[in-house]
>>> print(open('model.tsv').read())   # TSV, C-alpha atoms and all ligand atoms
chain	number	residue	atom	x	y	z
A	20	MET	CA	0.00	0.00	0.00
A	21	GLU	CA	1.23	3.52	-0.74
A	22	GLU	CA	2.87	5.06	2.30
A	23	SER	CA	1.27	8.44	1.76
A	24	MET	CA	-2.26	7.02	1.97
A	25	THR	CA	-4.32	8.12	4.96
A	26	ALA	CA	-3.92	5.33	7.52
A	27	LYS	CA	-7.36	5.56	9.09
A	28	THR	CA	-9.33	5.39	5.86
A	29	GLU	CA	-10.17	1.85	4.82
A	30	ILE	CA	-9.78	1.36	1.07
A	31	SER	CA	-11.65	-1.50	-0.57
A	32	VAL	CA	-12.60	-2.85	-3.95
A	33	ILE	CA	-16.03	-4.40	-4.41
A	34	PHE	CA	-17.14	-6.28	-7.50
A	35	ALA	CA	-19.00	-9.34	-8.75
A	36	ALA	CA	-17.49	-11.80	-11.22
A	37	ASP	CA	-18.64	-15.01	-12.85
A	38	ASP	CA	-16.75	-18.33	-13.00
A	39	VAL	CA	-14.20	-16.93	-15.48
A	40	TYR	CA	-14.00	-13.48	-13.88
A	41	GLY	CA	-16.40	-11.89	-16.34
A	42	ILE	CA	-17.88	-8.69	-14.89
A	43	GLY	CA	-19.82	-7.03	-17.69
A	44	LYS	CA	-21.50	-7.34	-21.05
A	45	ASP	CA	-22.76	-4.54	-23.31
A	46	ASN	CA	-21.86	-2.09	-20.51
A	47	ALA	CA	-24.24	-3.72	-18.06
A	48	LEU	CA	-24.20	-6.49	-15.52
A	49	PRO	CA	-24.38	-9.74	-17.51
A	50	TRP	CA	-26.52	-11.79	-15.15
A	51	PRO	CA	-30.19	-11.33	-14.26
A	52	VAL	CA	-30.63	-8.83	-11.43
A	53	ASN	CA	-29.63	-10.59	-8.22
A	54	ALA	CA	-31.38	-9.01	-5.26
A	55	GLU	CA	-29.03	-10.55	-2.72
A	56	ASP	CA	-25.94	-9.20	-4.49
A	57	MET	CA	-27.57	-5.78	-4.75
A	58	ALA	CA	-28.31	-5.88	-1.01
A	59	TRP	CA	-24.73	-6.97	-0.26
A	60	PHE	CA	-23.35	-4.07	-2.32
A	61	LYS	CA	-25.70	-1.57	-0.73
A	62	LYS	CA	-25.07	-2.81	2.81
A	63	HIS	CA	-21.32	-2.37	2.54
A	64	THR	CA	-21.06	0.82	0.47
A	65	ARG	CA	-23.92	2.85	1.96
A	66	GLY	CA	-22.75	5.99	3.70
A	67	HIS	CA	-19.28	5.81	2.18
A	68	CYS	CA	-17.42	7.03	-0.89
A	69	VAL	CA	-17.59	5.06	-4.15
A	70	ILE	CA	-15.11	5.63	-6.97
A	71	MET	CA	-16.01	4.45	-10.46
A	72	GLY	CA	-14.92	4.80	-14.07
A	73	ARG	CA	-16.91	6.78	-16.61
A	74	LYS	CA	-18.34	3.67	-18.33
A	75	THR	CA	-19.62	2.29	-15.05
A	76	TRP	CA	-21.22	5.69	-14.37
A	77	GLU	CA	-22.98	5.37	-17.73
A	78	SER	CA	-24.03	1.79	-16.94
A	79	LEU	CA	-25.76	3.18	-13.83
A	80	GLY	CA	-27.83	5.49	-16.01
A	81	ARG	CA	-25.62	8.52	-15.20
A	82	LYS	CA	-27.26	8.78	-11.80
A	83	PRO	CA	-25.32	8.82	-8.53
A	84	LEU	CA	-25.83	5.91	-6.18
A	85	PRO	CA	-27.96	7.30	-3.34
A	86	ASN	CA	-26.57	7.79	0.16
A	87	ARG	CA	-23.01	7.55	-1.08
A	88	GLU	CA	-20.45	10.06	-2.25
A	89	ASN	CA	-20.01	9.26	-5.94
A	90	VAL	CA	-16.66	10.04	-7.54
A	91	VAL	CA	-16.52	9.44	-11.30
A	92	LEU	CA	-13.23	9.28	-13.17
A	93	THR	CA	-12.96	10.60	-16.68
A	94	SER	CA	-10.42	12.42	-18.79
A	95	LYS	CA	-13.26	14.58	-20.12
A	96	PRO	CA	-15.12	15.83	-17.02
A	97	ARG	CA	-17.19	18.42	-18.83
A	98	GLU	CA	-18.92	15.70	-20.80
A	99	ILE	CA	-20.39	14.11	-17.68
A	100	ASP	CA	-23.94	15.34	-17.32
A	101	GLY	CA	-25.35	15.62	-13.85
A	102	TYR	CA	-22.19	14.62	-12.06
A	103	PRO	CA	-22.96	15.58	-8.45
A	104	ASN	CA	-19.58	17.09	-7.60
A	105	PHE	CA	-18.95	18.67	-10.92
A	106	ASN	CA	-19.56	22.11	-9.45
A	107	GLU	CA	-17.35	21.48	-6.47
A	108	PRO	CA	-13.87	21.67	-7.98
A	109	GLU	CA	-12.59	23.09	-4.72
A	110	LYS	CA	-13.45	19.78	-3.05
A	111	TYR	CA	-11.76	17.40	-5.48
A	112	PRO	CA	-9.77	19.74	-7.72
A	113	ASP	CA	-8.18	16.99	-9.74
A	114	TYR	CA	-10.62	14.12	-9.32
A	115	ALA	CA	-11.19	13.75	-13.00
A	116	ALA	CA	-7.69	14.34	-14.23
A	117	ASN	CA	-5.78	11.48	-15.71
A	118	MET	CA	-3.88	10.76	-12.53
A	119	PRO	CA	-3.01	7.33	-11.16
A	120	LEU	CA	-5.68	5.68	-9.05
A	121	HIS	CA	-3.60	5.79	-5.85
A	122	GLN	CA	-3.35	9.57	-6.12
A	123	ILE	CA	-7.09	9.86	-6.61
A	124	ILE	CA	-7.62	7.68	-3.53
A	125	ASN	CA	-5.23	9.88	-1.56
A	126	GLN	CA	-7.19	12.90	-2.59
A	127	VAL	CA	-10.60	11.70	-1.40
A	128	SER	CA	-9.45	9.65	1.61
A	129	PRO	CA	-9.24	12.51	4.12
A	130	TYR	CA	-13.00	13.04	3.77
A	131	PHE	CA	-14.17	9.46	4.45
A	132	ASP	CA	-13.79	6.51	6.82
A	133	LYS	CA	-14.25	4.08	3.95
A	134	VAL	CA	-13.63	4.36	0.22
A	135	PHE	CA	-14.81	1.70	-2.24
A	136	ILE	CA	-13.52	1.18	-5.76
A	137	ILE	CA	-16.60	-0.17	-7.56
A	138	GLY	CA	-15.40	-0.72	-11.13
A	139	GLY	CA	-15.11	-1.27	-13.88
A	140	LYS	CA	-12.22	-3.35	-15.09
A	141	SER	CA	-9.86	-0.41	-15.49
A	142	LEU	CA	-10.17	0.51	-11.81
A	143	ILE	CA	-10.62	-2.95	-10.30
A	144	GLU	CA	-7.35	-4.33	-11.68
A	145	LYS	CA	-5.40	-1.23	-10.62
A	146	SER	CA	-6.87	-1.43	-7.13
A	147	TYR	CA	-5.46	-4.86	-6.21
A	148	ASP	CA	-2.15	-3.45	-4.94
A	149	LEU	CA	-3.80	-0.52	-3.17
A	150	VAL	CA	-6.67	-1.87	-1.12
A	151	ASP	CA	-7.05	-3.04	2.46
A	152	LYS	CA	-10.03	-5.25	1.62
A	153	MET	CA	-11.58	-7.01	-1.36
A	154	TYR	CA	-15.32	-7.67	-1.40
A	155	ILE	CA	-15.75	-10.24	-4.14
A	156	THR	CA	-19.03	-11.80	-5.20
A	157	ARG	CA	-18.67	-14.89	-7.37
A	158	MET	CA	-21.73	-15.47	-9.54
A	159	LYS	CA	-22.05	-19.11	-10.53
A	160	GLY	CA	-21.88	-19.72	-14.29
A	161	ASN	CA	-20.25	-18.28	-17.39
A	162	PHE	CA	-22.20	-15.29	-18.69
A	163	ASP	CA	-20.22	-14.76	-21.90
A	164	CYS	CA	-18.94	-11.40	-20.73
A	165	ASP	CA	-17.16	-8.90	-22.96
A	166	VAL	CA	-15.36	-7.41	-19.95
A	167	LYS	CA	-13.30	-9.67	-17.68
A	168	VAL	CA	-10.86	-8.86	-14.91
A	169	SER	CA	-7.66	-10.66	-14.11
A	170	PRO	CA	-8.17	-12.58	-10.87
A	171	PRO	CA	-6.48	-11.05	-7.82
A	172	THR	CA	-3.64	-13.21	-6.50
A	173	LEU	CA	-4.84	-12.66	-2.91
A	174	VAL	CA	-1.26	-13.13	-1.71
A	175	GLY	CA	-1.07	-11.40	1.66
A	176	PHE	CA	-4.85	-11.46	2.10
A	177	LYS	CA	-6.85	-13.59	4.51
A	178	SER	CA	-10.48	-14.62	4.18
A	179	GLU	CA	-12.50	-12.60	6.66
A	180	HIS	CA	-15.98	-13.58	5.60
A	181	TRP	CA	-17.58	-16.15	3.32
A	182	GLU	CA	-21.25	-16.91	2.72
A	183	THR	CA	-23.45	-18.44	0.07
A	184	SER	CA	-26.52	-16.61	-1.14
A	185	GLN	CA	-29.88	-18.02	-0.16
A	186	ASP	CA	-30.68	-18.70	-3.81
A	187	GLY	CA	-27.39	-20.61	-4.17
A	188	LYS	CA	-26.38	-18.53	-7.19
A	189	ALA	CA	-23.55	-16.59	-5.59
A	190	THR	CA	-20.92	-16.53	-2.88
A	191	PHE	CA	-19.93	-13.40	-1.00
A	192	ASN	CA	-16.34	-13.07	0.15
A	193	ILE	CA	-14.36	-10.49	2.07
A	194	TRP	CA	-10.57	-10.69	1.93
A	195	ALA	CA	-8.51	-8.55	4.30
A	196	ARG	CA	-4.87	-7.60	3.77
A	197	GLN	CA	-2.72	-8.94	6.58
A	198	LYS	CA	-0.74	-6.13	8.21
A	201	LIG	N1	-19.61	-6.89	-12.02
A	201	LIG	C1	-19.27	-5.77	-11.39
A	201	LIG	O1	-19.11	-5.76	-10.17
A	201	LIG	C2	-19.09	-4.50	-12.18
A	201	LIG	C3	-18.85	-3.30	-11.52
A	201	LIG	C4	-18.68	-2.15	-12.29
A	201	LIG	C5	-18.74	-2.21	-13.68
A	201	LIG	N2	-18.97	-3.41	-14.27
A	201	LIG	C6	-18.98	-3.51	-15.73
A	201	LIG	O2	-17.69	-3.14	-16.20
A	201	LIG	C7	-17.83	-2.60	-17.52
A	201	LIG	C8	-17.17	-1.25	-17.59
A	201	LIG	O3	-15.79	-1.40	-17.24
A	201	LIG	P1	-14.64	-0.69	-18.08
A	201	LIG	O4	-13.33	-1.10	-17.52
A	201	LIG	O5	-14.90	-0.94	-19.53
A	201	LIG	O6	-14.92	0.86	-17.83
A	201	LIG	P2	-14.82	1.77	-16.50
A	201	LIG	O7	-13.63	1.38	-15.68
A	201	LIG	O8	-16.13	1.83	-15.81
A	201	LIG	O9	-14.57	3.20	-17.17
A	201	LIG	C9	-13.40	3.42	-17.91
A	201	LIG	C10	-13.24	4.91	-18.09
A	201	LIG	O10	-13.00	5.52	-16.82
A	201	LIG	C11	-12.18	6.65	-16.98
A	201	LIG	N3	-10.98	6.48	-16.16
A	201	LIG	C12	-10.48	5.33	-15.61
A	201	LIG	N4	-9.39	5.59	-14.88
A	201	LIG	C13	-9.19	6.95	-14.97
A	201	LIG	C14	-8.24	7.84	-14.39
A	201	LIG	N5	-7.24	7.41	-13.62
A	201	LIG	N6	-8.35	9.15	-14.68
A	201	LIG	C15	-9.34	9.62	-15.50
A	201	LIG	N7	-10.27	8.81	-16.04
A	201	LIG	C16	-10.19	7.51	-15.77
A	201	LIG	C17	-11.90	6.78	-18.48
A	201	LIG	O11	-12.98	7.58	-18.97
A	201	LIG	P3	-12.91	8.53	-20.28
A	201	LIG	O12	-12.86	7.60	-21.45
A	201	LIG	O13	-14.16	9.34	-20.19
A	201	LIG	O14	-11.66	9.37	-20.13
A	201	LIG	C18	-12.07	5.34	-18.94
A	201	LIG	O15	-12.35	5.22	-20.33
A	201	LIG	C19	-19.33	-2.57	-17.80
A	201	LIG	O16	-19.71	-3.74	-18.52
A	201	LIG	C20	-19.95	-2.61	-16.41
A	201	LIG	O17	-21.26	-3.12	-16.43
A	201	LIG	C21	-19.15	-4.53	-13.56
>>> encode(input="model.tsv", output="structure tokens")
Amino acid sequence: MEESMTAKTEISVIFAADDVYGIGKDNALPWPVNAEDMAWFKKHTRGHCVIMGRKTWESLGRKPLPNRENVVLTSKPREIDGYPNFNEPEKYPDYAANMPLHQIINQVSPYFDKVFIIGGKSLIEKSYDLVDKMYITRMKGNFDCDVKVSPPTLVGFKSEHWETSQDGKATFNIWARQK
């Protein structure tokens, strides 16, 4: 983890992947809406900061996730309609600049107890070396995704939580970096 990162802020990545680490298709989630996974995501991210790429923002209908601080990364910030912090450049002056993810995390960390990287591929893969925790849902099956992530090695991480969904279609895992 970067030494300059704020120690008290917990940085996590949260995503769902199928059997072959597919995460998206046609800029949407590839599996039928899974209420339990939605509830898992909401339970853990609610009240915190979520950082996402511009395509994920579009996949959410260009609407911020409620009850969370939404930070959207793009190299073209003025093309993001309705971005909630667009008129607050004094708060995150460089949030949308093409800076490395760890610098963006450093910039928002002082304002939050928890920061979640929520996708897509471009952020998830870069987050593996930066995060304290990984919240990984594994959806059973191969959904013929057009976006896949490389699996995290999980070296240096320990399983903190594991459960199977009631419908048996998913497992929910939390991996914590060992200090
Ligand atoms: N299963 C899951 O848990 C999950 C979660 C989220 C998303 N998804 C899926 O993932 C897919 C989208 O992933 P993706 O990797 O193609 O796109 P993405 O990561 O959502 O967005 C990529 C865009 O983010 C911007 N960006 C990324 N890093 C940046 C940085 N450091 N500075 C400035 N801008 C930056 C760039 O936008 P500009 O081109 O505007 O510069 C880049 O083109 C969709 O299919 C979505 O449904 C799945």
>>> closest_residue(input="model.tsv", among="A:Lys62, A:Arg196, A:Asp163, A:Pro129", to="ligand LIG 201 (chain A)", atoms="only C-alpha atoms and all ligand atoms")
A:Asp163
>>> closest_residue(input="model.tsv", among="A:Gln185, A:Ser78, A:Thr172, A:Ser178", to="ligand LIG 201 (chain A)", atoms="only C-alpha atoms and all ligand atoms")
A:Ser78
>>> residues_near_ligand(input="model.tsv", ligand="ligand LIG 201 (chain A)", cutoff="6 Å", atoms="only C-alpha atoms and all ligand atoms", output="ChimeraX atom specification")
/A:34-36,42-48,71-75,78,92-95,115-120,137-142,166
>>> closest_residue(input="model.tsv", among="A:Val52, A:Ala195, A:Leu173, A:Ile124", to="Cys68 of chain A", atoms="all atoms listed in the file")
A:Ile124
>>> atom_distance(input="model.tsv", atom1="atom CA of Val168 of chain A", atom2="atom CA of Gly41 of chain A")
6.5 Å
>>> atom_distance(input="model.tsv", atom1="atom CA of Thr183 of chain A", atom2="atom CA of Asp148 of chain A")
26.5 Å
>>> atom_distance(input="model.tsv", atom1="atom CA of Gly66 of chain A", atom2="atom CA of Ala54 of chain A")
19.5 Å
>>> residues_around(input="model.tsv", residues="Phe191 of chain A", least_positions_apart="5", cutoff="10 Å", atoms="all atoms listed in the file", output="ChimeraX atom specification")
/A:35,55-56,59,154-158,180-184
>>> write_last_selection(input="model.tsv", atoms="C-alpha atoms", output="short mmCIF file (atom, residue, chain, number, x, y, z; two decimals), keeping the file's coordinate frame")
data_model
loop_
_atom_site.label_atom_id
_atom_site.label_comp_id
_atom_site.auth_asym_id
_atom_site.auth_seq_id
_atom_site.Cartn_x
_atom_site.Cartn_y
_atom_site.Cartn_z
CA ALA A 35 -19.00 -9.34 -8.75
CA GLU A 55 -29.03 -10.55 -2.72
CA ASP A 56 -25.94 -9.20 -4.49
CA TRP A 59 -24.73 -6.97 -0.26
CA TYR A 154 -15.32 -7.67 -1.40
CA ILE A 155 -15.75 -10.24 -4.14
CA THR A 156 -19.03 -11.80 -5.20
CA ARG A 157 -18.67 -14.89 -7.37
CA MET A 158 -21.73 -15.47 -9.54
CA HIS A 180 -15.98 -13.58 5.60
CA TRP A 181 -17.58 -16.15 3.32
CA GLU A 182 -21.25 -16.91 2.72
CA THR A 183 -23.45 -18.44 0.07
CA SER A 184 -26.52 -16.61 -1.14
#
>>> residues_around(input="model.tsv", residues="Val69 of chain A", least_positions_apart="3", cutoff="6 Å", atoms="all atoms listed in the file", output="list in words")
Asn89, Val134, Phe135 and Ile136 of chain A
>>> closest_residue(input="model.tsv", among="A:Asn125, A:Gln197, A:Ser169, A:Asn192", to="Tyr40 of chain A", atoms="all atoms listed in the file")
A:Ser169
>>> residues_around(input="model.tsv", residues="Met153 of chain A", least_positions_apart="5", cutoff="8 Å", atoms="only C-alpha atoms", output="list in words")
Ser31, Val32, Ile33, Asn192, Ile193, Trp194 and Ala195 of chain A
>>> build_atoms(input="model.tsv", residues="segment 157-190 of chain A", atoms="N, CA and C atoms", output="PDB file, keeping the file's coordinate frame")
ATOM      1  N   ARG A 157     -18.852 -13.998  -6.228  1.00  0.00           N
ATOM      2  CA  ARG A 157     -18.670 -14.890  -7.370  1.00  0.00           C
ATOM      3  C   ARG A 157     -20.043 -15.405  -7.787  1.00  0.00           C
ATOM      4  N   MET A 158     -20.457 -15.005  -8.998  1.00  0.00           N
ATOM      5  CA  MET A 158     -21.730 -15.470  -9.540  1.00  0.00           C
ATOM      6  C   MET A 158     -21.475 -16.792 -10.254  1.00  0.00           C
ATOM      7  N   LYS A 159     -22.286 -17.799  -9.930  1.00  0.00           N
ATOM      8  CA  LYS A 159     -22.050 -19.110 -10.530  1.00  0.00           C
ATOM      9  C   LYS A 159     -22.466 -19.114 -11.995  1.00  0.00           C
ATOM     10  N   GLY A 160     -21.578 -19.627 -12.865  1.00  0.00           N
ATOM     11  CA  GLY A 160     -21.880 -19.720 -14.290  1.00  0.00           C
ATOM     12  C   GLY A 160     -20.924 -18.894 -15.119  1.00  0.00           C
ATOM     13  N   ASN A 161     -21.044 -19.076 -16.436  1.00  0.00           N
ATOM     14  CA  ASN A 161     -20.250 -18.280 -17.390  1.00  0.00           C
ATOM     15  C   ASN A 161     -21.244 -17.474 -18.202  1.00  0.00           C
ATOM     16  N   PHE A 162     -21.180 -16.157 -18.076  1.00  0.00           N
ATOM     17  CA  PHE A 162     -22.200 -15.290 -18.690  1.00  0.00           C
ATOM     18  C   PHE A 162     -21.715 -14.621 -19.979  1.00  0.00           C
ATOM     19  N   ASP A 163     -20.668 -15.225 -20.586  1.00  0.00           N
ATOM     20  CA  ASP A 163     -20.220 -14.760 -21.900  1.00  0.00           C
ATOM     21  C   ASP A 163     -19.947 -13.255 -21.900  1.00  0.00           C
ATOM     22  N   CYS A 164     -19.182 -12.835 -20.919  1.00  0.00           N
ATOM     23  CA  CYS A 164     -18.940 -11.400 -20.730  1.00  0.00           C
ATOM     24  C   CYS A 164     -17.981 -10.837 -21.774  1.00  0.00           C
ATOM     25  N   ASP A 165     -18.143  -9.558 -22.089  1.00  0.00           N
ATOM     26  CA  ASP A 165     -17.160  -8.900 -22.960  1.00  0.00           C
ATOM     27  C   ASP A 165     -16.153  -8.082 -22.145  1.00  0.00           C
ATOM     28  N   VAL A 166     -16.355  -8.023 -20.837  1.00  0.00           N
ATOM     29  CA  VAL A 166     -15.360  -7.410 -19.950  1.00  0.00           C
ATOM     30  C   VAL A 166     -15.049  -8.416 -18.841  1.00  0.00           C
ATOM     31  N   LYS A 167     -13.759  -8.758 -18.740  1.00  0.00           N
ATOM     32  CA  LYS A 167     -13.300  -9.670 -17.680  1.00  0.00           C
ATOM     33  C   LYS A 167     -12.157  -9.009 -16.940  1.00  0.00           C
ATOM     34  N   VAL A 168     -12.008  -9.365 -15.665  1.00  0.00           N
ATOM     35  CA  VAL A 168     -10.860  -8.860 -14.910  1.00  0.00           C
ATOM     36  C   VAL A 168      -9.887  -9.998 -14.672  1.00  0.00           C
ATOM     37  N   SER A 169      -8.621  -9.645 -14.513  1.00  0.00           N
ATOM     38  CA  SER A 169      -7.660 -10.660 -14.110  1.00  0.00           C
ATOM     39  C   SER A 169      -7.922 -10.967 -12.642  1.00  0.00           C
ATOM     40  N   PRO A 170      -7.882 -12.253 -12.274  1.00  0.00           N
ATOM     41  CA  PRO A 170      -8.170 -12.580 -10.870  1.00  0.00           C
ATOM     42  C   PRO A 170      -7.100 -12.007  -9.953  1.00  0.00           C
ATOM     43  N   PRO A 171      -7.500 -11.511  -8.776  1.00  0.00           N
ATOM     44  CA  PRO A 171      -6.480 -11.050  -7.820  1.00  0.00           C
ATOM     45  C   PRO A 171      -5.710 -12.254  -7.285  1.00  0.00           C
ATOM     46  N   THR A 172      -4.422 -12.077  -7.014  1.00  0.00           N
ATOM     47  CA  THR A 172      -3.640 -13.210  -6.500  1.00  0.00           C
ATOM     48  C   THR A 172      -4.023 -13.534  -5.061  1.00  0.00           C
ATOM     49  N   LEU A 173      -4.458 -12.520  -4.320  1.00  0.00           N
ATOM     50  CA  LEU A 173      -4.840 -12.660  -2.910  1.00  0.00           C
ATOM     51  C   LEU A 173      -3.666 -13.038  -2.018  1.00  0.00           C
ATOM     52  N   VAL A 174      -2.446 -12.918  -2.552  1.00  0.00           N
ATOM     53  CA  VAL A 174      -1.260 -13.130  -1.710  1.00  0.00           C
ATOM     54  C   VAL A 174      -1.233 -12.012  -0.669  1.00  0.00           C
ATOM     55  N   GLY A 175      -1.100 -12.398   0.586  1.00  0.00           N
ATOM     56  CA  GLY A 175      -1.070 -11.400   1.660  1.00  0.00           C
ATOM     57  C   GLY A 175      -2.456 -11.061   2.185  1.00  0.00           C
ATOM     58  N   PHE A 176      -3.487 -11.680   1.620  1.00  0.00           N
ATOM     59  CA  PHE A 176      -4.850 -11.460   2.100  1.00  0.00           C
ATOM     60  C   PHE A 176      -5.359 -12.707   2.817  1.00  0.00           C
ATOM     61  N   LYS A 177      -6.252 -12.474   3.774  1.00  0.00           N
ATOM     62  CA  LYS A 177      -6.850 -13.590   4.510  1.00  0.00           C
ATOM     63  C   LYS A 177      -8.370 -13.490   4.401  1.00  0.00           C
ATOM     64  N   SER A 178      -9.022 -14.642   4.270  1.00  0.00           N
ATOM     65  CA  SER A 178     -10.480 -14.620   4.180  1.00  0.00           C
ATOM     66  C   SER A 178     -11.070 -14.167   5.511  1.00  0.00           C
ATOM     67  N   GLU A 179     -11.897 -13.145   5.443  1.00  0.00           N
ATOM     68  CA  GLU A 179     -12.500 -12.600   6.660  1.00  0.00           C
ATOM     69  C   GLU A 179     -13.964 -12.987   6.770  1.00  0.00           C
ATOM     70  N   HIS A 180     -14.546 -13.274   5.616  1.00  0.00           N
ATOM     71  CA  HIS A 180     -15.980 -13.580   5.600  1.00  0.00           C
ATOM     72  C   HIS A 180     -16.287 -14.373   4.332  1.00  0.00           C
ATOM     73  N   TRP A 181     -17.179 -15.354   4.480  1.00  0.00           N
ATOM     74  CA  TRP A 181     -17.580 -16.150   3.320  1.00  0.00           C
ATOM     75  C   TRP A 181     -19.007 -16.614   3.556  1.00  0.00           C
ATOM     76  N   GLU A 182     -19.886 -16.389   2.598  1.00  0.00           N
ATOM     77  CA  GLU A 182     -21.250 -16.910   2.720  1.00  0.00           C
ATOM     78  C   GLU A 182     -21.819 -17.200   1.340  1.00  0.00           C
ATOM     79  N   THR A 183     -22.757 -18.126   1.320  1.00  0.00           N
ATOM     80  CA  THR A 183     -23.450 -18.440   0.070  1.00  0.00           C
ATOM     81  C   THR A 183     -24.806 -17.756   0.092  1.00  0.00           C
ATOM     82  N   SER A 184     -25.209 -17.251  -1.079  1.00  0.00           N
ATOM     83  CA  SER A 184     -26.520 -16.610  -1.140  1.00  0.00           C
ATOM     84  C   SER A 184     -27.621 -17.627  -0.899  1.00  0.00           C
ATOM     85  N   GLN A 185     -28.756 -17.117  -0.443  1.00  0.00           N
ATOM     86  CA  GLN A 185     -29.880 -18.020  -0.160  1.00  0.00           C
ATOM     87  C   GLN A 185     -30.345 -18.731  -1.412  1.00  0.00           C
ATOM     88  N   ASP A 186     -30.226 -18.068  -2.573  1.00  0.00           N
ATOM     89  CA  ASP A 186     -30.680 -18.700  -3.810  1.00  0.00           C
ATOM     90  C   ASP A 186     -29.611 -19.637  -4.379  1.00  0.00           C
ATOM     91  N   GLY A 187     -28.455 -19.711  -3.740  1.00  0.00           N
ATOM     92  CA  GLY A 187     -27.390 -20.610  -4.170  1.00  0.00           C
ATOM     93  C   GLY A 187     -26.664 -20.182  -5.428  1.00  0.00           C
ATOM     94  N   LYS A 188     -26.971 -18.969  -5.924  1.00  0.00           N
ATOM     95  CA  LYS A 188     -26.380 -18.530  -7.190  1.00  0.00           C
ATOM     96  C   LYS A 188     -25.090 -17.756  -7.033  1.00  0.00           C
ATOM     97  N   ALA A 189     -24.727 -17.450  -5.792  1.00  0.00           N
ATOM     98  CA  ALA A 189     -23.550 -16.590  -5.590  1.00  0.00           C
ATOM     99  C   ALA A 189     -22.887 -16.886  -4.258  1.00  0.00           C
ATOM    100  N   THR A 190     -21.591 -16.543  -4.176  1.00  0.00           N
ATOM    101  CA  THR A 190     -20.920 -16.530  -2.880  1.00  0.00           C
ATOM    102  C   THR A 190     -20.399 -15.124  -2.641  1.00  0.00           C
TER     103      THR A 190
END
